[in-house]
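Visitor: To start, I am sharing the structure in question, which I have written as structure tokens.
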Amino acid sequence: MLNKLLFKNQDKKQLVIAIIGALLGITFLITSIHYLIKLNEFGEGADILGPNTIIVQKRVSNSSTLGLTKTDFSLKEMEKMKSKKFIKDVKPVVANNFDVFFRTADSLVPPFSSVVFIQTVDSEFLEIEPEKWNWKLGDEFVPMIMPREFLIMLNTFMSASGIPPISDDLAKDIKFEFKLSNNSNSKKETMKVRIAGFSNEVSSLLVPESFMNYGNNTFSDGSLQKITQVMISGEEGKFGLVEELLEEKGLESKKSQMVVGKLKSIIGTLFGVVLGISIIAVFMSGLVLIQYLQLLMTRNAYEARTLMRMGYHPEKIIKTFFLYFVKIFGFVSILGLLLFIVLKFFLDNAIATGGLGIGTTITYQSIGALILAYLLFAITSYRTAKKGIFKEY
Amino acid sequence: MPAPLASIEHGKDSIWGNDVELKPGKKILLNASSGKGKSTFTTTIFGLRRDYTGTLSYDDKDTRNLTVDDWTKIRMEQISVVFQDLQLFPKLTVQENLILKNSLTDTFTEKELKTLLERLEIDNKWNQQCGLLSMGQQQRVAIIRALAQPYSWLIMDEPFSHLDEGNTQRCLKMLDERTTDLNASFVLTTLGDHHSFKFDQELNL
């Protein structure tokens with residue numbers, strides 16, 4: 001009866017417009033948050049290096065070949081790069097200043113050996129469990145990240161020797177050795193090595209910083225180590241700016257390293273714009289709904305006043321208005337969620353067809369955003385209803 | 001003394017400016033000419049106005065100190081009012097207007113409500129919108145609505161102003177019976193007409 005008294009004779013045109021606005025806003029809000037998160041997740045775990053991390057070096061020109069320009073980085077240059085807002089961190093890629101001889105030490109694989117170049121990067125840049133990436137003197141094995149190209153080469157060599165190729169997991173069980181020595185070969189040491197992971201982006205063997213320090217301190221001839229490569233970690237979605245900086249400073253990186261970051265930046269920006277518009281749409285439609293609630297209360301001022309004079313508690317009338325509007329917004333939210341699921345089905349297919357393999361599970365954050373929007377609307381509508389009713393008390 | 005009436009000269013026996021006690025169980029006539037504050041009296045003792053000087057007590061409690069919960073309970077169970085402007089819901093039917101009030105306390109059954117309407121000769125208006133009724137018919141609906149709750153006091157502000165003598169007597173008889181049944185009291189404000197009823201007390205404004 002109360003609903004009939006308060007809501008029957010209303011002009012629902014404004015209500016319908018607000019509902020449509022809120023529905024579109026909610027749908028795009030969930031969609032944009034979902035895809036922004038999925039996009040951020042994209043690339044994680046695909047490589048030992050994070051998806052927003054690149055290794056750069058100075059572009060080699062004729063003048064640098066002639067020794068007229070430097071190809072190494074000074075600490076000042078690194079600090080300057082790090083001061084940029086879109087750069088999270090810059091760290092040197094430290095190389096060996098001693099001789100390293102790498103060989104297989106397992107009866108399951110044919111003998112293979114080579115002089116190699118090893119490097120180390122700060123563990124912050126690596127997506128590897130910290131306990132798998134440490135070394136101290138006396139440890140049985142030195143953990144190592146191997147370039148995937150190296151494994152491919154090893155497999156090619158094994159196939160040619162009539163031995164079946166090995167997978168990533170099996171390769172991690174193969175025993176290798178490093179033979180360390182100084183330039184004069186007067187100091188030597190052999191250490192067992194085990195693969196901790198693979199990288200598509202780094203061309204050298206990566207070892208823990210503590211191992212590199214040990215090698216450089218023990219076997220180096222004392223000459224100053226030059227930093228010819230640095231590792232840059234960019235802020236999420238700011239890869240366009242990182243690329244501009246590289247261009248400006250005459251730096252270069254592996255193209256493949258840039259592609260994912262750039263792609264993520266572009267799509268992230270697009271979804272960011274959609275998210276911004278969605279937030280405005282949800283806010284505006286929420287505002288229209290709240291305004292409609294105020295209008296309805298103004299039109300029903302006499303009814304609310306009379307009901308309270310008849311013995312109806314103000315809270316009962318507030319609850320009637322509140323429930324009416326949270327039911328509407330609840331209906332809009334559920335419909336928005338269903339629309340998002342339908343939209344997601346088509347978008348996931350389109351994105352997969354386009355070559356971006358992102359996860360298809362619904363993100364908690366998008367559902368969280370929906371709940372948050374609903375709670376904010378519920379609180380606002382309750383407060384508005386309370387204010388409006390007590391004005392008539 | 002209500003603020004709007006402070007500038008008006010009131011008689012020595014006026015309730016305004018004097019201590020007045022409304023005793024339970026009495027049927028009281030409040031007699032005054034227009035503009036002397038009959039409606040102000042009704043709305044003030046019903047807690048709708050606070051712009052007065054002095055103290056207004058209900059059950060020895062200062063009404064200024066009563067909470068929203070207190071007033072809701074009082075309006076639902078202890079004081080019922082027939083307003084001069086009736087305050088019905090014109091878009092709702094007679095049935096809906098009565099049930100909206102009756103449902104708070106389930107005082108009457110639907111059949112009893114219809115019987116009350118029948119006594120006042122408007123039972124044929126059960127499904128009609130209140131806004132389409134004559135003022136006299138609306139007054140009778142408002143009277144029945146005021147009865148559809150338990151009360152200790154029934155305050156009526158010129159409730160028979162649009163009724164002929166026959167309907168007035170029928171209404172008065174019904175009000176008297178119901179008030180006596182509940183061992184309650186009523187205050188009836190008029191412009192001077194006693195409606196041939198023997199009141200226990202007569203007050204002036």
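Please note that chains go A, B, ... in the order of the structure tokens, that every chain numbers its residues from 1, and that ligands are numbered from 1 in the order shown.
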Quick one: residues within 9 Å of segment 188-205 of chain A, only C-alpha atoms counted, chain neighbours fewer than 3 positions away excluded, as a PyMOL selection string?
Guide: chain A and resi 46-49+54-55+105+116-120+128+132-133+140-151+168+171-182+185+219+254+256-257
Visitor: Please save N, CA and C atoms of the selected residues as a compact mmCIF listing (two decimals), in the first residue's frame.
Guide:
# COMPACT_ATOMS: atom_id res chain seq x y z
N ALA A 46 55.62 -15.13 -18.50
CA ALA A 46 55.99 -15.62 -19.83
C ALA A 46 57.51 -15.64 -19.97
N ASP A 47 58.16 -14.78 -19.23
CA ASP A 47 59.61 -14.74 -19.29
C ASP A 47 60.13 -14.45 -17.89
N ILE A 48 61.40 -14.80 -17.72
CA ILE A 48 62.04 -14.54 -16.42
C ILE A 48 62.08 -13.05 -16.14
N LEU A 49 62.22 -12.27 -17.21
CA LEU A 49 62.16 -10.82 -17.03
C LEU A 49 60.70 -10.41 -16.96
N ILE A 54 63.13 -4.05 -19.83
CA ILE A 54 63.94 -4.24 -21.05
C ILE A 54 65.42 -4.03 -20.71
N ILE A 55 66.25 -4.67 -21.52
CA ILE A 55 67.70 -4.43 -21.40
C ILE A 55 68.10 -3.54 -22.57
N ALA A 105 78.09 -31.62 -17.81
CA ALA A 105 78.75 -32.55 -16.89
C ALA A 105 77.77 -33.64 -16.52
N VAL A 116 81.88 -18.75 -22.45
CA VAL A 116 80.61 -17.99 -22.43
C VAL A 116 80.79 -16.64 -21.74
N PHE A 117 79.77 -15.84 -21.97
CA PHE A 117 79.70 -14.50 -21.40
C PHE A 117 78.57 -14.55 -20.37
N ILE A 118 78.89 -14.24 -19.13
CA ILE A 118 77.81 -14.28 -18.13
C ILE A 118 77.52 -12.86 -17.63
N GLN A 119 76.26 -12.68 -17.21
CA GLN A 119 75.84 -11.37 -16.73
C GLN A 119 74.98 -11.56 -15.48
N THR A 120 74.84 -10.47 -14.76
CA THR A 120 73.92 -10.53 -13.61
C THR A 120 73.08 -9.26 -13.57
N ILE A 128 61.40 -14.56 -10.56
CA ILE A 128 61.86 -15.88 -10.12
C ILE A 128 61.80 -15.91 -8.59
N LYS A 132 65.29 -19.51 -5.12
CA LYS A 132 65.94 -20.21 -6.23
C LYS A 132 67.03 -19.36 -6.85
N TRP A 133 67.12 -18.12 -6.42
CA TRP A 133 68.05 -17.20 -7.06
C TRP A 133 69.01 -16.59 -6.05
N GLU A 140 76.26 -26.08 -3.39
CA GLU A 140 76.57 -27.16 -4.33
C GLU A 140 76.45 -26.68 -5.78
N PHE A 141 75.38 -25.89 -6.04
CA PHE A 141 75.14 -25.46 -7.41
C PHE A 141 75.07 -23.94 -7.52
N VAL A 142 75.45 -23.45 -8.69
CA VAL A 142 75.23 -22.03 -9.01
C VAL A 142 73.96 -22.00 -9.87
N PRO A 143 72.92 -21.27 -9.44
CA PRO A 143 71.74 -21.18 -10.30
C PRO A 143 72.03 -20.30 -11.52
N MET A 144 71.38 -20.65 -12.63
CA MET A 144 71.69 -19.92 -13.86
C MET A 144 70.41 -19.78 -14.69
N ILE A 145 70.24 -18.63 -15.33
CA ILE A 145 69.13 -18.46 -16.27
C ILE A 145 69.74 -18.53 -17.67
N MET A 146 69.21 -19.46 -18.43
CA MET A 146 69.81 -19.73 -19.74
C MET A 146 68.97 -19.09 -20.86
N PRO A 147 69.60 -18.51 -21.87
CA PRO A 147 68.83 -18.02 -23.02
C PRO A 147 68.18 -19.22 -23.71
N ARG A 148 66.91 -19.05 -24.07
CA ARG A 148 66.22 -20.18 -24.68
C ARG A 148 66.91 -20.60 -26.00
N GLU A 149 67.49 -19.59 -26.65
CA GLU A 149 68.20 -19.89 -27.90
C GLU A 149 69.35 -20.90 -27.64
N PHE A 150 69.93 -20.80 -26.47
CA PHE A 150 71.03 -21.69 -26.08
C PHE A 150 70.53 -23.13 -25.98
N LEU A 151 69.33 -23.28 -25.40
CA LEU A 151 68.74 -24.63 -25.27
C LEU A 151 68.41 -25.19 -26.66
N ASP A 168 62.20 -28.02 -21.44
CA ASP A 168 62.64 -27.04 -20.43
C ASP A 168 62.82 -27.71 -19.07
N ALA A 171 65.70 -30.13 -18.91
CA ALA A 171 66.97 -29.39 -18.98
C ALA A 171 67.39 -28.90 -17.60
N LYS A 172 66.38 -28.62 -16.75
CA LYS A 172 66.68 -28.11 -15.41
C LYS A 172 67.37 -29.17 -14.54
N ASP A 173 67.26 -30.44 -14.96
CA ASP A 173 67.89 -31.52 -14.18
C ASP A 173 69.30 -31.86 -14.68
N ILE A 174 69.64 -31.31 -15.84
CA ILE A 174 70.97 -31.62 -16.40
C ILE A 174 72.05 -30.87 -15.62
N LYS A 175 73.15 -31.57 -15.39
CA LYS A 175 74.25 -30.94 -14.64
C LYS A 175 75.21 -30.27 -15.62
N PHE A 176 75.56 -29.03 -15.28
CA PHE A 176 76.54 -28.28 -16.06
C PHE A 176 77.66 -27.84 -15.13
N GLU A 177 78.70 -27.34 -15.73
CA GLU A 177 79.82 -26.82 -14.91
C GLU A 177 80.32 -25.50 -15.48
N PHE A 178 80.77 -24.64 -14.59
CA PHE A 178 81.49 -23.43 -14.97
C PHE A 178 82.95 -23.67 -14.59
N LYS A 179 83.83 -23.35 -15.51
CA LYS A 179 85.25 -23.38 -15.12
C LYS A 179 85.69 -21.91 -15.15
N LEU A 180 86.04 -21.41 -13.97
CA LEU A 180 86.41 -20.01 -13.83
C LEU A 180 87.94 -19.90 -13.79
N SER A 181 88.44 -18.87 -14.43
CA SER A 181 89.90 -18.67 -14.38
C SER A 181 90.23 -17.21 -14.63
N ASN A 182 91.43 -16.83 -14.23
CA ASN A 182 91.87 -15.46 -14.54
C ASN A 182 92.52 -15.46 -15.92
N ASN A 185 95.39 -17.68 -16.49
CA ASN A 185 95.05 -19.08 -16.23
C ASN A 185 95.79 -19.65 -15.01
N PHE A 219 88.87 -13.60 -9.59
CA PHE A 219 89.59 -13.92 -10.84
C PHE A 219 89.89 -12.71 -11.72
N LYS A 254 66.06 -5.01 -27.64
CA LYS A 254 65.49 -6.04 -28.51
C LYS A 254 64.07 -5.63 -28.87
N SER A 256 61.49 -7.33 -29.69
CA SER A 256 60.45 -8.17 -29.08
C SER A 256 60.14 -7.73 -27.65
N GLN A 257 61.19 -7.18 -26.99
CA GLN A 257 60.99 -6.73 -25.62
C GLN A 257 60.05 -5.52 -25.60
Visitor: Up to 8 Å from chain B, what residues of chain A turn up? Count only C-alpha atoms and give them as JSON, numbers by chain.
Guide: {"A": [1, 2, 5, 303, 306, 308, 309, 310, 311, 312, 313]}
Visitor: Could you pull the residues within 7 Å of Pro159 of chain B, counting only C-alpha atoms, minus those fewer than 5 positions along the same chain, as an MDAnalysis selection string?
Guide: chainID B and resid 82 84 139
Visitor: Name all residues at most 12 Å from Thr180 of chain B (count only C-alpha atoms; drop same-chain ones fewer than 5 positions away) and give them as a list in words.
Guide: Pro24, Gly25, Lys26, Lys27, Tyr151, Ser152, Trp153, Leu154, Leu172, Lys173, Met174, Leu175, Ser185 and Phe186 of chain B
Visitor: Restricting the output to N, CA and C atoms, write the selected residues as a compact mmCIF listing (two decimals), in the first residue's frame.
Guide:
# COMPACT_ATOMS: atom_id res chain seq x y z
N PRO B 24 -8.13 12.77 31.78
CA PRO B 24 -8.58 11.57 31.06
C PRO B 24 -10.05 11.25 31.31
N GLY B 25 -10.68 10.66 30.31
CA GLY B 25 -12.06 10.23 30.46
C GLY B 25 -13.09 11.30 30.17
N LYS B 26 -12.64 12.53 29.90
CA LYS B 26 -13.58 13.65 29.67
C LYS B 26 -13.87 13.84 28.19
N LYS B 27 -15.08 14.34 27.93
CA LYS B 27 -15.44 14.73 26.57
C LYS B 27 -15.53 16.25 26.58
N TYR B 151 -6.80 4.69 21.11
CA TYR B 151 -6.40 6.04 21.53
C TYR B 151 -6.86 6.32 22.96
N SER B 152 -6.15 7.23 23.59
CA SER B 152 -6.55 7.75 24.89
C SER B 152 -7.20 9.12 24.70
N TRP B 153 -6.75 9.80 23.66
CA TRP B 153 -7.31 11.11 23.30
C TRP B 153 -7.61 11.15 21.81
N LEU B 154 -8.80 11.71 21.53
CA LEU B 154 -9.16 11.95 20.13
C LEU B 154 -9.37 13.46 19.99
N LEU B 172 -21.29 11.95 15.74
CA LEU B 172 -21.06 12.23 17.15
C LEU B 172 -21.39 11.02 18.01
N LYS B 173 -22.47 10.32 17.62
CA LYS B 173 -22.89 9.13 18.37
C LYS B 173 -21.78 8.05 18.27
N MET B 174 -21.30 7.89 17.05
CA MET B 174 -20.26 6.87 16.84
C MET B 174 -18.99 7.21 17.62
N LEU B 175 -18.59 8.48 17.57
CA LEU B 175 -17.40 8.93 18.29
C LEU B 175 -17.56 8.74 19.80
N SER B 185 -10.80 9.82 25.92
CA SER B 185 -11.33 11.19 26.00
C SER B 185 -11.34 11.78 24.60
N PHE B 186 -12.13 12.83 24.42
CA PHE B 186 -11.97 13.57 23.16
C PHE B 186 -12.09 15.06 23.38
Visitor: Running DSSP on the backbone, which parts of segment 8-86 of chain B land in strand (DSSP E or B), as a PyMOL selection string?
Guide: chain B and resi 14+27-31+52+57-58+61-62+79-82
Visitor: As a PyMOL selection string, please: all residues of segment 95-190 of chain B that backbone DSSP puts in helix (DSSP H, G or I).
Guide: chain B and resi 95-105+110-119+123-125+130-132+135-147+165-181
Visitor: Work out how far atom CA of Glu158 of chain B is from atom CA of Lys12 of chain B, in Å to one decimal.
Guide: 23.3 Å
Visitor: Please determine, counting only C-alpha atoms, which residue among B:Asp62, B:Glu9, B:Asp157, B:Glu165 has the shortest atom-to-atom distance to Ile143 of chain B.
Guide: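 Checking each of B:Asp62, B:Glu9, B:Asp157, B:Glu165 against Ile143 of chain B, counting only C-alpha atoms, the winner is B:Asp157.
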Visitor: For Leu163 of chain B, which of B:Ser134, B:Gln201, B:Thr179, B:Thr53 is the closest residue, counting only C-alpha atoms?
Guide: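 Closest to Leu163 of chain B, using only C-alpha atoms: B:Ser134.
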Visitor: Which one of A:Gly240, A:Pro164, A:Gly25, A:Gly359 sits closest to Lys344 of chain A if you count only C-alpha atoms?
Guide: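 Of A:Gly240, A:Pro164, A:Gly25, A:Gly359, the one nearest Lys344 of chain A is A:Gly359, counting only C-alpha atoms.
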Visitor: List as a ChimeraX atom specification the protein and nucleic acid residues near Ile28 of chain B, meaning an atom at most 12 Å away when only C-alpha atoms are counted, but skip any in the same chain fewer than 2 places from it.
Guide: /B:21-26,30-31,153-156,176,179,184-190,194,197-204
